[in-house]
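Report on the following structure.
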Amino acid sequence: MSDIAHVVIVGGGLAGVSTAAALRSAGYDGVLHLVDAGEFPYDRPPLSKDFLLGSKDLKRIALQPEEWYADQDIRLITRTRVTAIDDGSVTLSDGGVLTADRVILAPGGDAARPPIPGADGPRVHVLRDAEDAERLGAALVPGARVLVVGGGLIGAETASTARALGCDVVLAEPATPLEAAVGPVMARWLHAMHPARGITTLTARVLAFQDGPDGIAARLEGENTPRLFDAVVIGVGLVPRTGLAKAAGLEVNAGIVVTEGQTTANPAILAVGDSARRRVDGLLRPCAGHWEAAQQDGKRAAATILGRPLPPESASWWWSDRHGVHVEAVGSMAAADTTVMRGEPEPSFAVFGLRGGRVVAAASVDDPAAVRAARRLIDRAVEVDAAALADPATDPRRLLRR
Amino acid sequence: MSAGIRVAAVADIPEGEGLKIDRSLTGTDDHIALLHDTDGSIWALDDTCLHGDASLSEGWVEDGCVECPLHTSKFCLKDGKVQGLPATEDQRPHRVEVRDGEVYLFPGEAP
């Protein structure tokens, strides 16, 4: 693709940095700009864990060391936004213009703020970037009364960290989180870890917040008296950033709509990461919204730009670390017609989802090898014996090696 | 150092898996992970993945790499070079010799 000599990546999260890395490793030798609004590209998963806890600072969660960008000949432009995309160029917030034969949008998203009265108050936090985490961290002092709204990945991890910091934590979640992803048994077990670690769990929605001199009052569904907190953290999902895409006239539908190879409605513009929605075989998928998916988007975008075949699809994988346990999951538990449990919750267990004798999903608590094996069983479509999967004495790796 | 330390039998480490050798035995700062690749070869790297404090001896060993059991960072078995995020630091490699089915480790020596 010798006609492509200038590539601009908009957004330095994992998807943007992965796209840059994939372009260079696939042999792209033209100009490569990476434009990011922050101080330098950093990894987001630690924001609810080590970074919030204070055990790692921003430098320690950098996605790549500073010298990596020079080594890879990537021109990193920080503290800058792209304000417009034109034919063959992009305009920067400082007025600069970059030539762009291809633009890759990796804008990420903003933490969702539900339409609860008072949810925009100063004691109400979200957790999306390092500034959010720093502001929240300052409020998580020992003894602070903290309400976490939403018990999914961010909510559960933040509640766990707040508890570890000595806060008095209440977690409000109307459903059992992650049930669709890990199955009901593991989902209930994971949610029950919160009260076991001293967190009060409430099966309720928040109806309203009201800031006062002694804290923020939260009125909860089914309760007459509001509860008083020093800080509230809302973790109820992500809103993709689609402003630039809309302004560029691209198809936007709760995310930037792209092809299997990450191309938008304009062949010179691609999109990757949390804001991208792939249409594969005519079906519009939801935004993947997971860490590894962002990297895979980057590899596909690089392949598309360089005219290479797309890398093989792999079952979607994610992890969560909370209350000292490591959770991971792969595939789609909703696609399973049978589930098989392996092991006991103490010390470690896994659940496999099968359909027609093949593994389609797995989730584990402190048994990552089970999920790593399942991922390969899914990707290679290996037929398995459910009884062997259920037997903790069978090493799941051996199921692959027959 | 030239004779190496006999740390395990090849049969102790199934292919695709690892074995942690305690630093009290190796005399190194970190423990050392012996890693048995799917082609039958045996390699040694510093055991602790600096990203998330995980033991690479519990990782997934396949096709010349070990995948960290926590966050799937990949390291090349022969030189410890990091192949995939989230880790960004290489693992120090150590020389290994296999003689008569026994694994000899040379802590601190480059492979």
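A note on labels: chains of the structure tokens are A, B, ... as shown, every chain counts residues from 1, and ligands are counted from 1 in their shown order.
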Can you check which parts of chain B lie within 7 Å of chain A? Per residue, the shortest pair of atoms and distance in Å to one decimal, counting only C-alpha atoms, sorted by chain and number, as a Markdown table.
| residue | atom | partner | partner_atom | distance |
| --- | --- | --- | --- | --- |
| B:Pro69 | CA | A:Pro368 | CA | 6.0 |
| B:Pro86 | CA | A:Leu63 | CA | 7.0 |
| B:Thr88 | CA | A:Gln64 | CA | 6.2 |
Chain B: residues DSSP assigns to strand (DSSP E or B), reported as a VMD selection string: chain B and resid 5 to 9 18 to 21 32 to 36 42 to 46 48 to 49 54 to 55 60 to 62 65 to 67 74 to 76 82 to 84 93 to 99 102 to 106
Spatial neighbours of Ser160 (chain A), max dist 6 Å, only C-alpha atoms, sep filter under 3 positions, as a PyMOL selection string: chain A and resi 157+163+322-323
